[in-house]
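K.L.:
Structure file run.pdb, PDB, C-alpha atoms and all ligand atoms, is pasted below:
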MODEL        1
ATOM      1  CA  SER A   3      64.933  70.108 167.395
ATOM      2  CA  ILE A   4      62.869  67.220 165.987
ATOM      3  CA  VAL A   5      64.112  64.824 163.314
ATOM      4  CA  TRP A   6      62.216  62.197 161.339
ATOM      5  CA  MET A   7      63.995  58.840 161.516
ATOM      6  CA  ASN A   8      62.774  55.470 160.275
ATOM      7  CA  GLY A   9      59.139  56.476 160.457
ATOM      8  CA  ALA A  10      59.143  58.319 163.811
ATOM      9  CA  PHE A  11      59.498  61.947 164.857
ATOM     10  CA  ILE A  12      62.144  61.967 167.611
ATOM     11  CA  ASP A  13      64.338  64.465 169.397
ATOM     12  CA  ARG A  14      67.633  65.200 167.592
ATOM     13  CA  SER A  15      69.548  63.886 170.651
ATOM     14  CA  GLU A  16      67.945  60.435 170.275
ATOM     15  CA  ALA A  17      68.867  60.043 166.598
ATOM     16  CA  LYS A  18      71.532  57.296 166.470
ATOM     17  CA  VAL A  19      72.928  55.354 163.506
ATOM     18  CA  ASP A  20      74.224  51.756 163.756
ATOM     19  CA  ILE A  21      77.990  51.370 163.236
ATOM     20  CA  GLU A  22      77.238  48.915 160.420
ATOM     21  CA  ASP A  23      74.843  51.179 158.566
ATOM     22  CA  ARG A  24      75.821  50.987 154.886
ATOM     23  CA  GLY A  25      75.597  54.724 154.519
ATOM     24  CA  TYR A  26      78.223  55.000 157.264
ATOM     25  CA  GLN A  27      80.487  52.207 155.977
ATOM     26  CA  PHE A  28      80.169  52.515 152.175
ATOM     27  CA  GLY A  29      78.449  55.812 151.473
ATOM     28  CA  ASP A  30      75.778  53.451 150.167
ATOM     29  CA  GLY A  31      72.856  55.831 150.192
ATOM     30  CA  ILE A  32      71.178  58.810 148.557
ATOM     31  CA  TYR A  33      70.118  62.283 149.698
ATOM     32  CA  GLU A  34      68.249  65.473 148.866
ATOM     33  CA  VAL A  35      68.459  69.061 150.096
ATOM     34  CA  ILE A  36      65.102  70.830 149.735
ATOM     35  CA  ARG A  37      64.653  74.570 150.261
ATOM     36  CA  VAL A  38      62.041  76.054 152.606
ATOM     37  CA  TYR A  39      60.908  79.673 152.127
ATOM     38  CA  ASN A  40      58.155  81.278 154.183
ATOM     39  CA  GLY A  41      57.653  77.950 156.001
ATOM     40  CA  GLN A  42      56.854  76.152 152.731
ATOM     41  CA  LEU A  43      58.742  73.520 150.740
ATOM     42  CA  PHE A  44      60.030  74.810 147.354
ATOM     43  CA  THR A  45      60.101  72.393 144.389
ATOM     44  CA  ALA A  46      59.491  69.478 146.779
ATOM     45  CA  ASN A  47      57.883  67.275 144.093
ATOM     46  CA  GLU A  48      60.921  67.589 141.811
ATOM     47  CA  HIS A  49      63.346  66.818 144.645
ATOM     48  CA  LEU A  50      61.349  63.856 145.925
ATOM     49  CA  GLU A  51      60.872  62.443 142.401
ATOM     50  CA  ARG A  52      64.665  62.645 141.999
ATOM     51  CA  LEU A  53      65.160  60.903 145.366
ATOM     52  CA  LEU A  54      62.966  57.995 144.230
ATOM     53  CA  GLY A  55      64.870  58.003 140.926
ATOM     54  CA  SER A  56      68.196  57.774 142.770
ATOM     55  CA  GLY A  57      66.757  54.822 144.725
ATOM     56  CA  ASP A  58      65.736  53.098 141.489
ATOM     57  CA  LYS A  59      69.203  53.605 139.969
ATOM     58  CA  LEU A  60      70.837  52.002 143.045
ATOM     59  CA  SER A  61      68.098  49.395 143.695
ATOM     60  CA  ILE A  62      67.436  50.862 147.164
ATOM     61  CA  GLN A  63      63.814  49.917 147.929
ATOM     62  CA  ILE A  64      62.233  53.185 149.132
ATOM     63  CA  GLY A  65      58.977  52.472 150.951
ATOM     64  CA  TYR A  66      57.348  55.905 150.636
ATOM     65  CA  SER A  67      55.672  57.813 147.789
ATOM     66  CA  VAL A  68      56.377  61.446 146.911
ATOM     67  CA  GLU A  69      53.089  62.425 148.523
ATOM     68  CA  GLU A  70      53.846  60.459 151.702
ATOM     69  CA  PHE A  71      57.318  62.006 151.988
ATOM     70  CA  LYS A  72      55.901  65.492 151.347
ATOM     71  CA  GLY A  73      53.349  65.074 154.153
ATOM     72  CA  LEU A  74      56.068  63.945 156.567
ATOM     73  CA  LEU A  75      58.391  66.834 155.621
ATOM     74  CA  GLU A  76      55.575  69.359 156.054
ATOM     75  CA  GLN A  77      54.969  67.969 159.553
ATOM     76  CA  LEU A  78      58.710  68.169 160.289
ATOM     77  CA  ILE A  79      58.876  71.828 159.176
ATOM     78  CA  GLU A  80      55.856  72.590 161.360
ATOM     79  CA  LYS A  81      57.333  70.854 164.415
ATOM     80  CA  ASN A  82      60.555  72.871 164.056
ATOM     81  CA  ASN A  83      58.826  76.154 163.156
ATOM     82  CA  LEU A  84      61.131  76.477 160.157
ATOM     83  CA  GLU A  85      60.613  79.650 158.125
ATOM     84  CA  THR A  86      63.704  79.922 155.917
ATOM     85  CA  GLY A  87      66.056  76.970 155.609
ATOM     86  CA  ILE A  88      66.418  73.482 154.252
ATOM     87  CA  VAL A  89      65.257  69.961 154.825
ATOM     88  CA  TYR A  90      68.118  67.440 154.565
ATOM     89  CA  MET A  91      66.801  63.976 153.688
ATOM     90  CA  GLN A  92      68.858  60.790 153.370
ATOM     91  CA  VAL A  93      68.122  57.128 152.692
ATOM     92  CA  THR A  94      70.783  54.395 153.022
ATOM     93  CA  ARG A  95      70.647  50.723 152.125
ATOM     94  CA  GLY A  96      70.268  49.936 155.835
ATOM     95  CA  VAL A  97      72.217  47.939 158.419
ATOM     96  CA  ASN A  98      73.978  44.641 157.781
ATOM     97  CA  SER A  99      77.222  42.956 158.831
ATOM     98  CA  ARG A 100      79.907  44.488 156.638
ATOM     99  CA  ASN A 101      79.957  43.023 153.142
ATOM    100  CA  HIS A 102      80.360  44.954 149.869
ATOM    101  CA  ALA A 103      77.561  43.018 148.215
ATOM    102  CA  PHE A 104      73.990  44.165 148.850
ATOM    103  CA  PRO A 105      72.240  42.731 151.957
ATOM    104  CA  ALA A 106      69.026  40.714 151.659
ATOM    105  CA  GLU A 107      66.332  42.583 149.695
ATOM    106  CA  ASP A 108      64.078  42.818 152.744
ATOM    107  CA  THR A 109      66.733  44.730 154.724
ATOM    108  CA  PRO A 110      64.965  47.956 155.789
ATOM    109  CA  PRO A 111      66.591  51.186 154.499
ATOM    110  CA  THR A 112      67.640  53.799 157.071
ATOM    111  CA  TYR A 113      65.618  57.015 156.616
ATOM    112  CA  ILE A 114      66.578  60.369 158.124
ATOM    113  CA  ALA A 115      65.215  63.883 157.569
ATOM    114  CA  TYR A 116      66.074  66.991 159.550
ATOM    115  CA  THR A 117      65.602  70.735 159.149
ATOM    116  CA  LYS A 118      68.172  73.502 159.373
ATOM    117  CA  GLU A 119      67.781  77.276 159.370
ATOM    118  CA  VAL A 120      69.656  78.604 156.334
ATOM    119  CA  ALA A 121      69.294  82.270 155.408
ATOM    120  CA  ARG A 122      69.233  83.247 151.759
ATOM    121  CA  PRO A 123      72.797  84.189 150.673
ATOM    122  CA  THR A 124      71.727  87.764 149.830
ATOM    123  CA  GLU A 125      75.181  89.357 150.125
ATOM    124  CA  GLN A 126      76.722  86.829 147.713
ATOM    125  CA  LEU A 127      73.721  87.050 145.383
ATOM    126  CA  ASP A 128      74.143  90.835 145.202
ATOM    127  CA  ASN A 129      77.942  90.949 144.913
ATOM    128  CA  GLY A 130      78.848  87.661 143.251
ATOM    129  CA  VAL A 131      81.353  85.045 144.371
ATOM    130  CA  THR A 132      84.751  83.716 143.299
ATOM    131  CA  ALA A 133      85.736  80.278 142.009
ATOM    132  CA  ILE A 134      88.702  78.163 140.997
ATOM    133  CA  THR A 135      88.881  75.393 138.416
ATOM    134  CA  VAL A 136      89.812  71.851 139.503
ATOM    135  CA  GLU A 137      90.033  68.496 137.762
ATOM    136  CA  ASP A 138      86.875  66.399 138.144
ATOM    137  CA  ILE A 139      88.155  63.188 139.810
ATOM    138  CA  ARG A 140      84.708  61.691 140.465
ATOM    139  CA  TRP A 141      83.197  58.421 139.239
ATOM    140  CA  SER A 142      80.981  58.253 136.161
ATOM    141  CA  ARG A 143      77.569  58.174 137.847
ATOM    142  CA  CYS A 144      77.346  61.779 139.004
ATOM    143  CA  ASP A 145      73.683  61.774 137.921
ATOM    144  CA  ILE A 146      72.887  59.794 141.082
ATOM    145  CA  LYS A 147      72.648  62.069 144.137
ATOM    146  CA  SER A 148      74.558  59.583 146.298
ATOM    147  CA  LEU A 149      76.460  59.857 149.570
ATOM    148  CA  ASN A 150      79.643  59.039 147.651
ATOM    149  CA  LEU A 151      80.805  62.654 147.922
ATOM    150  CA  LEU A 152      84.579  62.379 148.493
ATOM    151  CA  GLY A 153      85.383  63.823 145.036
ATOM    152  CA  ASN A 154      83.007  66.707 145.768
ATOM    153  CA  VAL A 155      84.454  67.167 149.282
ATOM    154  CA  ILE A 156      88.034  67.360 147.953
ATOM    155  CA  ALA A 157      86.983  69.845 145.255
ATOM    156  CA  LYS A 158      85.154  72.043 147.773
ATOM    157  CA  GLN A 159      88.117  71.875 150.165
ATOM    158  CA  LYS A 160      90.382  73.180 147.380
ATOM    159  CA  ALA A 161      88.018  76.140 146.855
ATOM    160  CA  THR A 162      87.991  76.854 150.575
ATOM    161  CA  GLU A 163      91.786  76.699 150.763
ATOM    162  CA  ALA A 164      91.885  79.201 147.896
ATOM    163  CA  ASP A 165      89.410  81.443 149.763
ATOM    164  CA  CYS A 166      86.861  80.832 147.032
ATOM    165  CA  TYR A 167      83.143  79.969 147.164
ATOM    166  CA  GLU A 168      83.128  77.093 144.677
ATOM    167  CA  SER A 169      85.281  74.825 142.537
ATOM    168  CA  ILE A 170      84.420  74.514 138.852
ATOM    169  CA  GLN A 171      85.242  70.939 137.858
ATOM    170  CA  TYR A 172      86.403  69.791 134.432
ATOM    171  CA  ARG A 173      87.010  66.412 132.724
ATOM    172  CA  ASP A 174      89.708  66.603 130.060
ATOM    173  CA  LEU A 175      88.937  70.186 129.035
ATOM    174  CA  THR A 176      85.141  70.055 129.366
ATOM    175  CA  VAL A 177      83.540  71.896 132.291
ATOM    176  CA  THR A 178      81.150  69.545 134.129
ATOM    177  CA  GLU A 179      79.770  71.226 137.256
ATOM    178  CA  GLY A 180      80.631  72.709 140.641
ATOM    179  CA  SER A 181      81.436  70.615 143.714
ATOM    180  CA  SER A 182      77.855  71.192 144.874
ATOM    181  CA  SER A 183      76.310  73.234 142.069
ATOM    182  CA  ASN A 184      75.703  73.396 138.340
ATOM    183  CA  ILE A 185      77.744  75.843 136.234
ATOM    184  CA  TRP A 186      76.475  78.191 133.490
ATOM    185  CA  ILE A 187      78.110  80.552 131.008
ATOM    186  CA  ILE A 188      76.573  83.372 129.004
ATOM    187  CA  LYS A 189      78.115  84.418 125.691
ATOM    188  CA  ASP A 190      76.449  86.862 123.282
ATOM    189  CA  ASN A 191      73.236  86.599 125.366
ATOM    190  CA  ALA A 192      73.031  82.792 124.990
ATOM    191  CA  VAL A 193      72.922  80.787 128.258
ATOM    192  CA  LYS A 194      74.758  77.449 128.193
ATOM    193  CA  THR A 195      75.134  74.592 130.691
ATOM    194  CA  HIS A 196      76.373  70.979 130.529
ATOM    195  CA  GLU A 197      73.780  68.517 129.223
ATOM    196  CA  ALA A 198      72.126  66.296 131.841
ATOM    197  CA  ASN A 199      74.042  63.027 131.551
ATOM    198  CA  GLN A 200      76.083  60.718 133.772
ATOM    199  CA  PHE A 201      78.791  63.332 134.378
ATOM    200  CA  ILE A 202      76.657  65.879 136.263
ATOM    201  CA  LEU A 203      73.808  65.988 138.718
ATOM    202  CA  ASN A 204      70.694  67.230 136.933
ATOM    203  CA  GLY A 205      70.043  69.990 139.437
ATOM    204  CA  ILE A 206      66.464  70.952 140.291
ATOM    205  CA  THR A 207      67.562  74.595 140.211
ATOM    206  CA  ARG A 208      69.159  73.849 136.803
ATOM    207  CA  GLN A 209      65.842  72.502 135.514
ATOM    208  CA  LYS A 210      63.951  75.514 136.906
ATOM    209  CA  ILE A 211      66.397  77.958 135.257
ATOM    210  CA  ILE A 212      66.033  76.232 131.870
ATOM    211  CA  GLU A 213      62.243  76.481 132.261
ATOM    212  CA  LEU A 214      62.532  80.197 133.118
ATOM    213  CA  CYS A 215      64.794  80.856 130.097
ATOM    214  CA  GLN A 216      62.376  79.083 127.761
ATOM    215  CA  GLY A 217      59.404  80.926 129.218
ATOM    216  CA  ASN A 218      61.049  84.332 128.919
ATOM    217  CA  ASP A 219      62.703  84.360 125.493
ATOM    218  CA  ILE A 220      66.209  83.780 126.844
ATOM    219  CA  GLU A 221      68.241  81.537 124.535
ATOM    220  CA  VAL A 222      69.407  78.485 126.507
ATOM    221  CA  VAL A 223      71.522  75.576 125.264
ATOM    222  CA  GLU A 224      72.262  72.340 127.128
ATOM    223  CA  ALA A 225      75.685  71.513 125.758
ATOM    224  CA  ALA A 226      79.172  70.936 127.054
ATOM    225  CA  PHE A 227      81.610  73.860 127.000
ATOM    226  CA  THR A 228      85.341  74.037 127.631
ATOM    227  CA  ILE A 229      87.600  75.809 130.073
ATOM    228  CA  GLU A 230      88.403  78.172 127.160
ATOM    229  CA  ASP A 231      84.700  79.031 126.777
ATOM    230  CA  LEU A 232      84.497  79.584 130.542
ATOM    231  CA  ILE A 233      87.400  82.045 130.541
ATOM    232  CA  ASP A 234      85.995  83.776 127.455
ATOM    233  CA  ALA A 235      82.426  84.077 128.769
ATOM    234  CA  ASP A 236      80.588  87.399 129.181
ATOM    235  CA  GLU A 237      78.961  86.092 132.394
ATOM    236  CA  VAL A 238      79.295  82.949 134.575
ATOM    237  CA  PHE A 239      77.026  81.779 137.383
ATOM    238  CA  LEU A 240      76.354  78.677 139.451
ATOM    239  CA  SER A 241      73.052  77.250 140.628
ATOM    240  CA  SER A 242      71.947  75.029 143.502
ATOM    241  CA  THR A 243      69.092  74.671 145.975
ATOM    242  CA  THR A 244      70.951  76.713 148.585
ATOM    243  CA  ALA A 245      72.790  79.161 146.266
ATOM    244  CA  GLU A 246      69.925  79.847 143.824
ATOM    245  CA  VAL A 247      71.287  81.871 140.812
ATOM    246  CA  MET A 248      74.754  82.817 142.097
ATOM    247  CA  PRO A 249      76.939  85.041 139.849
ATOM    248  CA  ILE A 250      80.660  84.172 139.651
ATOM    249  CA  ILE A 251      82.726  87.345 139.165
ATOM    250  CA  SER A 252      86.213  85.869 139.118
ATOM    251  CA  ILE A 253      87.763  82.515 138.272
ATOM    252  CA  ASN A 254      91.354  81.660 139.312
ATOM    253  CA  ASN A 255      91.717  85.333 140.320
ATOM    254  CA  VAL A 256      90.827  86.541 136.811
ATOM    255  CA  PRO A 257      87.693  88.732 136.535
ATOM    256  CA  VAL A 258      84.832  87.285 134.471
ATOM    257  CA  GLY A 259      83.884  89.620 131.614
ATOM    258  CA  SER A 260      83.805  93.177 133.019
ATOM    259  CA  GLY A 261      84.156  91.818 136.571
ATOM    260  CA  GLU A 262      80.626  93.056 137.284
ATOM    261  CA  ILE A 263      77.494  90.897 137.494
ATOM    262  CA  GLY A 264      75.941  90.857 134.008
ATOM    263  CA  PRO A 265      72.381  91.656 132.881
ATOM    264  CA  VAL A 266      71.387  88.068 132.039
ATOM    265  CA  ALA A 267      72.324  86.741 135.497
ATOM    266  CA  ARG A 268      70.451  89.669 137.059
ATOM    267  CA  LYS A 269      67.385  88.882 134.933
ATOM    268  CA  LEU A 270      67.503  85.207 135.921
ATOM    269  CA  GLN A 271      67.837  86.160 139.598
ATOM    270  CA  GLN A 272      64.651  88.216 139.293
ATOM    271  CA  LEU A 273      62.797  85.444 137.450
ATOM    272  CA  PHE A 274      63.896  82.920 140.079
ATOM    273  CA  GLN A 275      62.776  85.251 142.876
ATOM    274  CA  ASP A 276      59.366  85.551 141.155
ATOM    275  CA  ALA A 277      59.148  81.736 141.000
ATOM    276  CA  ILE A 278      59.853  81.497 144.751
ATOM    277  CA  GLU A 279      57.144  84.073 145.474
ATOM    278  CA  ARG A 280      54.643  82.247 143.263
ATOM    279  CA  GLU A 281      55.260  78.854 144.832
ATOM    280  CA  CYS A 282      55.788  79.920 148.446
ATOM    281  CA  ASN A 283      53.559  82.999 148.334
ATOM    282  CA  GLN A 284      56.339  84.884 150.032
TER     283      GLN A 284
HETATM  284  C1  LIG A 301      77.250  67.867 142.621
HETATM  285  C2  LIG A 301      76.047  68.777 142.599
HETATM  286  N1  LIG A 301      75.678  69.321 141.420
HETATM  287  C3  LIG A 301      74.609  70.149 141.337
HETATM  288  C4  LIG A 301      73.869  70.480 142.458
HETATM  289  C5  LIG A 301      72.673  71.406 142.302
HETATM  290  O1  LIG A 301      71.501  70.639 142.393
HETATM  291  P1  LIG A 301      70.145  71.257 142.938
HETATM  292  O2  LIG A 301      69.844  72.450 142.042
HETATM  293  O3  LIG A 301      69.160  70.147 142.809
HETATM  294  O4  LIG A 301      70.408  71.674 144.341
HETATM  295  C6  LIG A 301      74.208  69.927 143.714
HETATM  296  C7  LIG A 301      73.381  70.315 144.918
HETATM  297  N2  LIG A 301      73.739  69.735 146.117
HETATM  298  C8  LIG A 301      73.006  70.052 147.315
HETATM  299  C9  LIG A 301      72.310  71.376 147.308
HETATM  300  O5  LIG A 301      72.859  72.108 148.408
HETATM  301  N3  LIG A 301      73.805  71.371 149.032
HETATM  302  C10 LIG A 301      73.962  70.157 148.431
HETATM  303  O6  LIG A 301      74.759  69.278 148.682
HETATM  304  C11 LIG A 301      75.313  69.057 143.791
HETATM  305  O7  LIG A 301      75.697  68.510 144.976
ENDMDL
END
Take the structure in this file and express it as structure tokens.

P.N.:
Amino acid sequence: SIVWMNGAFIDRSEAKVDIEDRGYQFGDGIYEVIRVYNGQLFTANEHLERLLGSGDKLSIQIGYSVEEFKGLLEQLIEKNNLETGIVYMQVTRGVNSRNHAFPAEDTPPTYIAYTKEVARPTEQLDNGVTAITVEDIRWSRCDIKSLNLLGNVIAKQKATEADCYESIQYRDLTVTEGSSSNIWIIKDNAVKTHEANQFILNGITRQKIIELCQGNDIEVVEAAFTIEDLIDADEVFLSSTTAEVMPIISINNVPVGSGEIGPVARKLQQLFQDAIERECNQ
């Protein structure tokens, strides 16, 4: 397959990273995962705006505009004949002899983008998934989509070891987000999710769901909720670029609500599907 690396389209086998790349040595970089349906990028502008925003927050000098990146990613999708999948895109602070402090400002970032076939998780979307709760041990800049993912990796590993799909993280007793997703509860027909601050990633899917709620008379509140609220919810679901609107039917082996996927999650799945069809004329 073809990857885009540092301005050139090359074969995947030629893509090499220097042993002193700061992404490799410090996790000093940022990334995005963008969905492709029907051979078309979905919510690319939002993802690429967030990528540039992550660069600003870390003072990584990104040398491409949203439009320039979008053009390159469309070429990459074309070259790999990608129909349904993702584009993984990453920018690090570049290569320099190992030193914690930033290298000279004119050090070129390392850019990589590659495609991957990823089917829609239809079985899980139809039947729901399971989750466990784990303490959120991450740093306090989770709003930056950085390569510093060890806290997320450990949380996801715990879910996997428990034969679950996701870990629901909490700080003190407040639910923050999943290891690679945002978390939502529904109680008395009101949808609630953690506010977008430094303790969660402001998911693009999260933003789309809020938009869909507001446009379809579904009450939605961006506010923190506790583990208690989670256990007491009528419905729970997670959201991410790859998981879409993913119902959670049990948490720590306890069924959520009736144990069946609820009507609000079903409605949001339909609205999200409609949004995909509109944008990717699927
Ligand atoms: C920590 C975290 N929170 C929330 C989300 C959801 O954000 P989006 O709605 O913008 O996807 C992600 C997605 N992480 C990407 C998405 O898929 N795989 C990943 O690592 C994430 O890693």

K.L.:
Counting only C-alpha atoms, what is within 8 Å of Gly259 (chain A), bar same-chain residues fewer than 2 positions away, as JSON, numbers by chain?

P.N.:
{"A": [234, 235, 236, 237, 251, 257, 261, 262]}

K.L.:
Residues within 6 Å of ligand LIG 301 (chain A) should be enumerated using all atoms listed in the file and returned as a PyMOL selection string.

P.N.:
chain A and resi 35+181-184+203+205-208+241-244

K.L.:
List every residue of region 106-168 of chain A that has an atom at most 7 Å from any atom of region 69-86 of chain A, giving for each one its closest atom pair and the distance in Å to one decimal, counting all atoms listed in the file, sorted by chain and then by ascending residue number, as a tab-separated table.

P.N.:
residue	atom	partner	partner_atom	distance
A:Thr117	CA	A:Ile79	CA	6.8
A:Glu119	CA	A:Thr86	CA	6.0
A:Val120	CA	A:Thr86	CA	6.1
A:Ala121	CA	A:Thr86	CA	6.1

K.L.:
Find the residues with any atom within 8 Å of (64.7, 58.9, 149.4); use all atoms listed in the file and the coordinates as given in the file, and write the answer as a list in words.

P.N.:
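Residues lying no farther than 8 Å from the given point: Ile32, Tyr33, Glu34, Leu50, Leu53, Leu54, Ser56, Gly57, Ile64, Met91, Gln92, Val93 and Tyr113 of chain A.
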
K.L.:
Write to file, as an mmCIF file, in the coordinates of the input, the residues of the selection just made, with C-alpha atoms.

P.N.:
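Output file out-v3.cif is given in full below:
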data_model
loop_
_atom_site.group_PDB
_atom_site.id
_atom_site.type_symbol
_atom_site.label_atom_id
_atom_site.label_comp_id
_atom_site.auth_asym_id
_atom_site.auth_seq_id
_atom_site.Cartn_x
_atom_site.Cartn_y
_atom_site.Cartn_z
ATOM 1 C CA ILE A 32 71.178 58.810 148.557
ATOM 2 C CA TYR A 33 70.118 62.283 149.698
ATOM 3 C CA GLU A 34 68.249 65.473 148.866
ATOM 4 C CA LEU A 50 61.349 63.856 145.925
ATOM 5 C CA LEU A 53 65.160 60.903 145.366
ATOM 6 C CA LEU A 54 62.966 57.995 144.230
ATOM 7 C CA SER A 56 68.196 57.774 142.770
ATOM 8 C CA GLY A 57 66.757 54.822 144.725
ATOM 9 C CA ILE A 64 62.233 53.185 149.132
ATOM 10 C CA MET A 91 66.801 63.976 153.688
ATOM 11 C CA GLN A 92 68.858 60.790 153.370
ATOM 12 C CA VAL A 93 68.122 57.128 152.692
ATOM 13 C CA TYR A 113 65.618 57.015 156.616
#

K.L.:
Here is a test: counting only C-alpha atoms, which residue of A:Val5, A:Leu152, A:Arg100, A:Lys269 is nearest to Lys18 (chain A)?

P.N.:
A:Val5

K.L.:
Go through the shown structure with the PyMOL selection byres (((chain A and resi 213-216) around 10) and not hetatm) and write out the matching residues as a count of residues only.

P.N.:
21

K.L.:
CA of Val238 (chain A) and CA of Ser148 (chain A) are how many Å apart?

P.N.:
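These atoms are spaced 26.6 Å apart.
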
K.L.:
Rounded to one decimal, what separation in Å do you get between CA of Ile233 (chain A) and CA of Ile250 (chain A)?

P.N.:
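Separating CA of Ile233 (chain A) from CA of Ile250 (chain A) is a distance of 11.5 Å.
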
K.L.:
CA of Trp141 (chain A) and CA of Thr109 (chain A), how far apart in Å?

P.N.:
26.4 Å

K.L.:
Which one of A:Cys282, A:Leu60, A:Val89, A:Val68 sits closest to Arg37 (chain A) if you count all atoms listed in the file?

P.N.:
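Using all atoms listed in the file, Arg37 (chain A) sits closest to A:Val89.
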
K.L.:
Could you tell me which residues the PyMOL selection byres (((chain A and resi 62) around 8) and not hetatm) grabs in this file, written as an MDAnalysis selection string?

P.N.:
chainID A and resid 31 57:61 63:64 94:95 111
